[in-house]
$ cat work.pdb   # PDB, C-alpha atoms
ATOM      1  CA  GLY A   1     -11.479  25.366  36.986  1.00  0.00           C
ATOM      2  CA  VAL A   2     -10.308  28.949  37.011  1.00  0.00           C
ATOM      3  CA  VAL A   3     -11.979  31.224  39.518  1.00  0.00           C
ATOM      4  CA  LEU A   4     -12.535  34.810  38.422  1.00  0.00           C
ATOM      5  CA  ARG A   5     -11.387  35.975  41.856  1.00  0.00           C
ATOM      6  CA  ASP A   6      -8.005  34.276  41.287  1.00  0.00           C
ATOM      7  CA  VAL A   7      -7.616  35.914  37.876  1.00  0.00           C
ATOM      8  CA  GLN A   8      -8.473  39.294  39.381  1.00  0.00           C
ATOM      9  CA  GLU A   9      -5.930  38.782  42.172  1.00  0.00           C
ATOM     10  CA  TYR A  10      -3.262  37.649  39.678  1.00  0.00           C
ATOM     11  CA  LEU A  11      -3.898  40.770  37.625  1.00  0.00           C
ATOM     12  CA  LYS A  12      -3.617  43.037  40.668  1.00  0.00           C
ATOM     13  CA  THR A  13      -0.120  41.658  41.345  1.00  0.00           C
ATOM     14  CA  PHE A  14       0.827  41.696  37.647  1.00  0.00           C
ATOM     15  CA  GLN A  15      -0.210  45.332  37.224  1.00  0.00           C
ATOM     16  CA  LYS A  16       1.757  46.326  40.345  1.00  0.00           C
ATOM     17  CA  GLU A  17       4.871  44.582  39.009  1.00  0.00           C
ATOM     18  CA  MET A  18       4.467  46.291  35.624  1.00  0.00           C
ATOM     19  CA  LYS A  19       3.669  49.652  37.306  1.00  0.00           C
ATOM     20  CA  TRP A  20       0.398  49.770  35.350  1.00  0.00           C
ATOM     21  CA  GLU A  21      -1.934  50.571  38.215  1.00  0.00           C
ATOM     22  CA  ILE A  22      -4.351  53.457  38.118  1.00  0.00           C
ATOM     23  CA  SER A  23      -2.680  56.473  39.706  1.00  0.00           C
ATOM     24  CA  ASN A  24      -3.948  57.375  43.152  1.00  0.00           C
ATOM     25  CA  SER A  25      -1.829  60.406  44.004  1.00  0.00           C
ATOM     26  CA  SER A  26      -4.438  63.145  43.532  1.00  0.00           C
ATOM     27  CA  TYR A  27      -7.898  63.569  42.060  1.00  0.00           C
ATOM     28  CA  LYS A  28      -6.438  65.177  38.929  1.00  0.00           C
ATOM     29  CA  ASP A  29      -3.845  62.419  38.376  1.00  0.00           C
ATOM     30  CA  THR A  30      -6.337  59.659  39.170  1.00  0.00           C
ATOM     31  CA  ARG A  31      -8.913  61.144  36.810  1.00  0.00           C
ATOM     32  CA  ALA A  32      -6.309  61.350  34.024  1.00  0.00           C
ATOM     33  CA  SER A  33      -5.213  57.767  34.717  1.00  0.00           C
ATOM     34  CA  ILE A  34      -8.807  56.461  34.656  1.00  0.00           C
ATOM     35  CA  LEU A  35      -9.540  58.299  31.402  1.00  0.00           C
ATOM     36  CA  ASN A  36      -6.310  57.020  29.837  1.00  0.00           C
ATOM     37  CA  ASN A  37      -7.108  53.441  30.853  1.00  0.00           C
ATOM     38  CA  TYR A  38     -10.653  53.815  29.540  1.00  0.00           C
ATOM     39  CA  MET A  39      -9.228  54.998  26.215  1.00  0.00           C
ATOM     40  CA  LEU A  40      -6.918  51.965  26.169  1.00  0.00           C
ATOM     41  CA  LEU A  41      -9.902  49.673  26.886  1.00  0.00           C
ATOM     42  CA  THR A  42     -11.891  51.119  23.991  1.00  0.00           C
ATOM     43  CA  THR A  43      -8.845  50.660  21.753  1.00  0.00           C
ATOM     44  CA  GLU A  44      -8.730  46.976  22.712  1.00  0.00           C
ATOM     45  CA  ILE A  45     -12.476  46.612  22.067  1.00  0.00           C
ATOM     46  CA  GLY A  46     -11.843  48.078  18.616  1.00  0.00           C
ATOM     47  CA  GLU A  47      -9.159  45.435  18.091  1.00  0.00           C
ATOM     48  CA  VAL A  48     -11.709  42.697  18.864  1.00  0.00           C
ATOM     49  CA  ALA A  49     -13.904  44.237  16.149  1.00  0.00           C
ATOM     50  CA  GLU A  50     -10.930  44.243  13.754  1.00  0.00           C
ATOM     51  CA  GLU A  51     -10.413  40.515  14.359  1.00  0.00           C
ATOM     52  CA  PHE A  52     -14.078  39.784  13.597  1.00  0.00           C
ATOM     53  CA  ARG A  53     -13.747  41.919  10.484  1.00  0.00           C
ATOM     54  CA  ALA A  54     -10.707  39.852   9.466  1.00  0.00           C
ATOM     55  CA  ILE A  55     -12.733  36.659  10.003  1.00  0.00           C
ATOM     56  CA  PHE A  56     -15.520  37.932   7.750  1.00  0.00           C
ATOM     57  CA  ASN A  57     -13.041  39.125   5.088  1.00  0.00           C
ATOM     58  CA  GLU A  58     -11.202  35.790   5.158  1.00  0.00           C
ATOM     59  CA  THR A  59     -14.523  33.947   4.852  1.00  0.00           C
ATOM     60  CA  TYR A  60     -15.421  36.043   1.809  1.00  0.00           C
ATOM     61  CA  LYS A  61     -11.977  35.412   0.277  1.00  0.00           C
ATOM     62  CA  LEU A  62     -12.214  31.629   0.794  1.00  0.00           C
ATOM     63  CA  ILE A  63     -15.665  31.565  -0.802  1.00  0.00           C
ATOM     64  CA  ASN A  64     -14.677  33.678  -3.818  1.00  0.00           C
ATOM     65  CA  THR A  65     -11.110  32.516  -4.385  1.00  0.00           C
ATOM     66  CA  ASP A  66     -11.278  28.873  -3.364  1.00  0.00           C
ATOM     67  CA  GLY A  67     -14.960  28.246  -4.170  1.00  0.00           C
ATOM     68  CA  MET A  68     -15.610  26.997  -0.643  1.00  0.00           C
ATOM     69  CA  ASN A  69     -19.116  26.928   0.819  1.00  0.00           C
ATOM     70  CA  GLU A  70     -19.691  29.708   3.346  1.00  0.00           C
ATOM     71  CA  ASP A  71     -20.078  27.525   6.447  1.00  0.00           C
ATOM     72  CA  GLN A  72     -16.794  25.735   5.770  1.00  0.00           C
ATOM     73  CA  ALA A  73     -15.046  29.017   4.905  1.00  0.00           C
ATOM     74  CA  PHE A  74     -16.377  30.641   8.088  1.00  0.00           C
ATOM     75  CA  GLU A  75     -15.127  27.750  10.263  1.00  0.00           C
ATOM     76  CA  ILE A  76     -11.637  27.962   8.717  1.00  0.00           C
ATOM     77  CA  ALA A  77     -11.539  31.773   9.077  1.00  0.00           C
ATOM     78  CA  LYS A  78     -12.595  31.582  12.751  1.00  0.00           C
ATOM     79  CA  GLU A  79      -9.886  29.004  13.435  1.00  0.00           C
ATOM     80  CA  MET A  80      -7.291  31.233  11.718  1.00  0.00           C
ATOM     81  CA  HIS A  81      -8.111  34.203  13.970  1.00  0.00           C
ATOM     82  CA  LYS A  82      -9.072  32.414  17.189  1.00  0.00           C
ATOM     83  CA  GLU A  83      -5.708  32.930  18.905  1.00  0.00           C
ATOM     84  CA  ASN A  84      -5.514  36.649  18.023  1.00  0.00           C
ATOM     85  CA  ILE A  85      -9.090  37.395  19.037  1.00  0.00           C
ATOM     86  CA  GLY A  86      -8.459  35.536  22.304  1.00  0.00           C
ATOM     87  CA  LYS A  87      -5.518  37.845  23.024  1.00  0.00           C
ATOM     88  CA  GLU A  88      -7.603  40.942  22.288  1.00  0.00           C
ATOM     89  CA  ILE A  89     -10.425  39.739  24.549  1.00  0.00           C
ATOM     90  CA  ALA A  90      -7.816  39.065  27.259  1.00  0.00           C
ATOM     91  CA  ASP A  91      -6.593  42.662  26.908  1.00  0.00           C
ATOM     92  CA  CYS A  92     -10.184  43.902  27.365  1.00  0.00           C
ATOM     93  CA  LEU A  93     -10.612  41.741  30.462  1.00  0.00           C
ATOM     94  CA  ALA A  94      -7.368  43.068  31.909  1.00  0.00           C
ATOM     95  CA  TYR A  95      -8.526  46.688  31.609  1.00  0.00           C
ATOM     96  CA  LEU A  96     -11.973  45.903  33.012  1.00  0.00           C
ATOM     97  CA  MET A  97     -10.377  44.084  35.943  1.00  0.00           C
ATOM     98  CA  LYS A  98      -8.015  46.993  36.487  1.00  0.00           C
ATOM     99  CA  PHE A  99     -11.033  49.253  37.044  1.00  0.00           C
ATOM    100  CA  ALA A 100     -12.620  46.667  39.348  1.00  0.00           C
ATOM    101  CA  ASN A 101      -9.387  46.325  41.324  1.00  0.00           C
ATOM    102  CA  TYR A 102      -9.018  50.079  41.633  1.00  0.00           C
ATOM    103  CA  LEU A 103     -12.528  50.314  43.097  1.00  0.00           C
ATOM    104  CA  GLU A 104     -12.063  47.098  45.143  1.00  0.00           C
ATOM    105  CA  ILE A 105     -14.986  45.401  43.408  1.00  0.00           C
ATOM    106  CA  ASP A 106     -15.270  41.626  43.639  1.00  0.00           C
ATOM    107  CA  LEU A 107     -15.989  40.942  39.963  1.00  0.00           C
ATOM    108  CA  GLU A 108     -17.108  37.374  40.540  1.00  0.00           C
ATOM    109  CA  GLU A 109     -19.726  38.541  43.043  1.00  0.00           C
ATOM    110  CA  SER A 110     -20.797  41.413  40.763  1.00  0.00           C
ATOM    111  CA  PHE A 111     -21.035  39.103  37.757  1.00  0.00           C
ATOM    112  CA  TYR A 112     -23.301  36.513  39.362  1.00  0.00           C
ATOM    113  CA  SER A 113     -25.365  39.192  41.063  1.00  0.00           C
ATOM    114  CA  LYS A 114     -25.946  40.920  37.711  1.00  0.00           C
ATOM    115  CA  MET A 115     -26.777  37.659  35.894  1.00  0.00           C
ATOM    116  CA  ASN A 116     -29.327  36.776  38.605  1.00  0.00           C
ATOM    117  CA  GLU A 117     -30.814  40.259  38.306  1.00  0.00           C
ATOM    118  CA  ILE A 118     -31.165  39.818  34.528  1.00  0.00           C
ATOM    119  CA  LYS A 119     -32.637  36.319  34.924  1.00  0.00           C
ATOM    120  CA  SER A 120     -35.332  37.588  37.271  1.00  0.00           C
ATOM    121  CA  ARG A 121     -36.456  40.581  35.183  1.00  0.00           C
ATOM    122  CA  VAL A 122     -40.130  40.520  34.328  1.00  0.00           C
ATOM    123  CA  ASN A 123     -39.949  42.138  30.896  1.00  0.00           C
ATOM    124  CA  LYS A 124     -37.013  40.291  29.353  1.00  0.00           C
ATOM    125  CA  ASP A 125     -35.976  41.010  25.778  1.00  0.00           C
ATOM    126  CA  GLN A 126     -37.406  38.312  23.537  1.00  0.00           C
ATOM    127  CA  ARG A 127     -35.130  36.689  20.986  1.00  0.00           C
TER     128      ARG A 127
END
$ encode --input "work.pdb" --output "structure tokens"
Amino acid sequence: GVVLRDVQEYLKTFQKEMKWEISNSSYKDTRASILNNYMLLTTEIGEVAEEFRAIFNETYKLINTDGMNEDQAFEIAKEMHKENIGKEIADCLAYLMKFANYLEIDLEESFYSKMNEIKSRVNKDQR
């Protein structure tokens, strides 16, 4: 399977080749670069929301126009937007990994450490 560390390393090389790294020339330039990349990340997160919105709108359309039941309509709508939403999620991951790479954070280590921390909390949120 894919190892998060490998994806993070691939992205580090990819961003260098594309000249998309976070600037490191001065505090002012670096700060501007971080803020710009954060803005781009939030834009991508908004695009994930837009894809979900499209799924819900398509579901509604299939129910009302084609008389489909909602579960069937929802499955078809999800399938229609699966590729696009995957691309938007990938964009989000790329920006998050860019921040991790800039700070030399091993995301795989951080991820499992955080999940273990959550698992061992005493007062977990009940669902």
$ residues_near_point --input "work.pdb" --point "(-11.4, 36.2, 7.6)" --cutoff "8 Å" --atoms "all atoms listed in the file" --output "list in words"
Phe52, Arg53, Ala54, Ile55, Phe56, Asn57, Glu58, Thr59, Tyr60, Lys61, Phe74, Ala77, Lys78, Met80 and His81 of chain A
$ atom_distance --input "work.pdb" --atom1 "atom CA of Cys92 of chain A" --atom2 "atom CA of Leu41 of chain A"
5.8 Å
$ closest_residue --input "work.pdb" --among "A:Lys19, A:Arg121, A:Lys12, A:Lys82" --to "Lys98 of chain A" --atoms "all atoms listed in the file"
A:Lys12
$ axis_aligned_box --input "work.pdb" --around "segment 32-43 of chain A" --padding-each-side "8 Å" --output "lines of an AutoDock Vina configuration file"
center_x = -8.6
center_y = 55.5
center_z = 28.2
size_x = 22.7
size_y = 27.7
size_z = 29.0
$ closest_residue --input "work.pdb" --among "A:Ala32, A:Met115, A:Ile22, A:Leu93" --to "Ile45 of chain A" --atoms "only C-alpha atoms"
A:Leu93
$ atom_distance --input "work.pdb" --atom1 "atom CA of Tyr102 of chain A" --atom2 "atom CA of Thr42 of chain A"
17.9 Å
$ closest_residue --input "work.pdb" --among "A:Ile34, A:Val3, A:Ile85, A:Ala100" --to "Val48 of chain A" --atoms "only C-alpha atoms"
A:Ile85
$ atom_distance --input "work.pdb" --atom1 "atom CA of Tyr38 of chain A" --atom2 "atom CA of Ser23 of chain A"
13.2 Å
$ closest_residue --input "work.pdb" --among "A:Leu62, A:Ala49, A:Met68, A:Ala73" --to "Ile89 of chain A" --atoms "only C-alpha atoms"
A:Ala49
$ closest_residue --input "work.pdb" --among "A:Ile118, A:Leu96, A:Met39, A:Ile76" --to "Val7 of chain A" --atoms "all atoms listed in the file"
A:Leu96
$ resolve_selection --input "work.pdb" --expression "the PyMOL selection byres ((chain A and resi 106) around 10)" --output "PyMOL selection string"
chain A and resi 4-5+8-9+97+100-101+103-105+107-111
$ closest_residue --input "work.pdb" --among "A:Tyr112, A:Arg31, A:Glu44, A:Lys119" --to "Ala90 of chain A" --atoms "all atoms listed in the file"
A:Glu44
$ decode --input "work.pdb" --residues "segment 76-107 of chain A" --atoms "C-alpha atoms" --output "compact mmCIF listing (two decimals), in the first residue's frame"
# COMPACT_ATOMS: atom_id res chain seq x y z
CA ILE A 76 -25.89 8.01 -8.46
CA ALA A 77 -25.07 11.63 -7.51
CA LYS A 78 -22.08 10.53 -5.39
CA GLU A 79 -20.77 8.42 -8.27
CA MET A 80 -21.15 11.38 -10.65
CA HIS A 81 -19.02 13.65 -8.45
CA LYS A 82 -16.60 11.11 -6.95
CA GLU A 83 -13.73 11.90 -9.34
CA ASN A 84 -14.04 15.69 -8.90
CA ILE A 85 -14.31 15.54 -5.12
CA GLY A 86 -11.28 13.23 -5.08
CA LYS A 87 -9.28 15.86 -6.97
CA GLU A 88 -10.35 18.60 -4.55
CA ILE A 89 -9.42 16.47 -1.53
CA ALA A 90 -6.05 15.78 -3.19
CA ASP A 91 -5.51 19.54 -3.54
CA CYS A 92 -6.24 19.97 0.19
CA LEU A 93 -3.79 17.20 1.07
CA ALA A 94 -1.12 18.80 -1.10
CA TYR A 95 -1.39 22.13 0.74
CA LEU A 96 -1.43 20.46 4.16
CA MET A 97 1.64 18.43 3.21
CA LYS A 98 3.34 21.56 1.95
CA PHE A 99 3.03 23.07 5.43
CA ALA A 100 4.28 19.83 7.01
CA ASN A 101 7.24 19.72 4.62
CA TYR A 102 8.10 23.34 5.30
CA LEU A 103 8.21 22.62 9.04
CA GLU A 104 9.89 19.21 8.50
CA ILE A 105 7.03 17.37 10.18
CA ASP A 106 6.69 13.64 9.60
CA LEU A 107 2.95 13.57 8.89
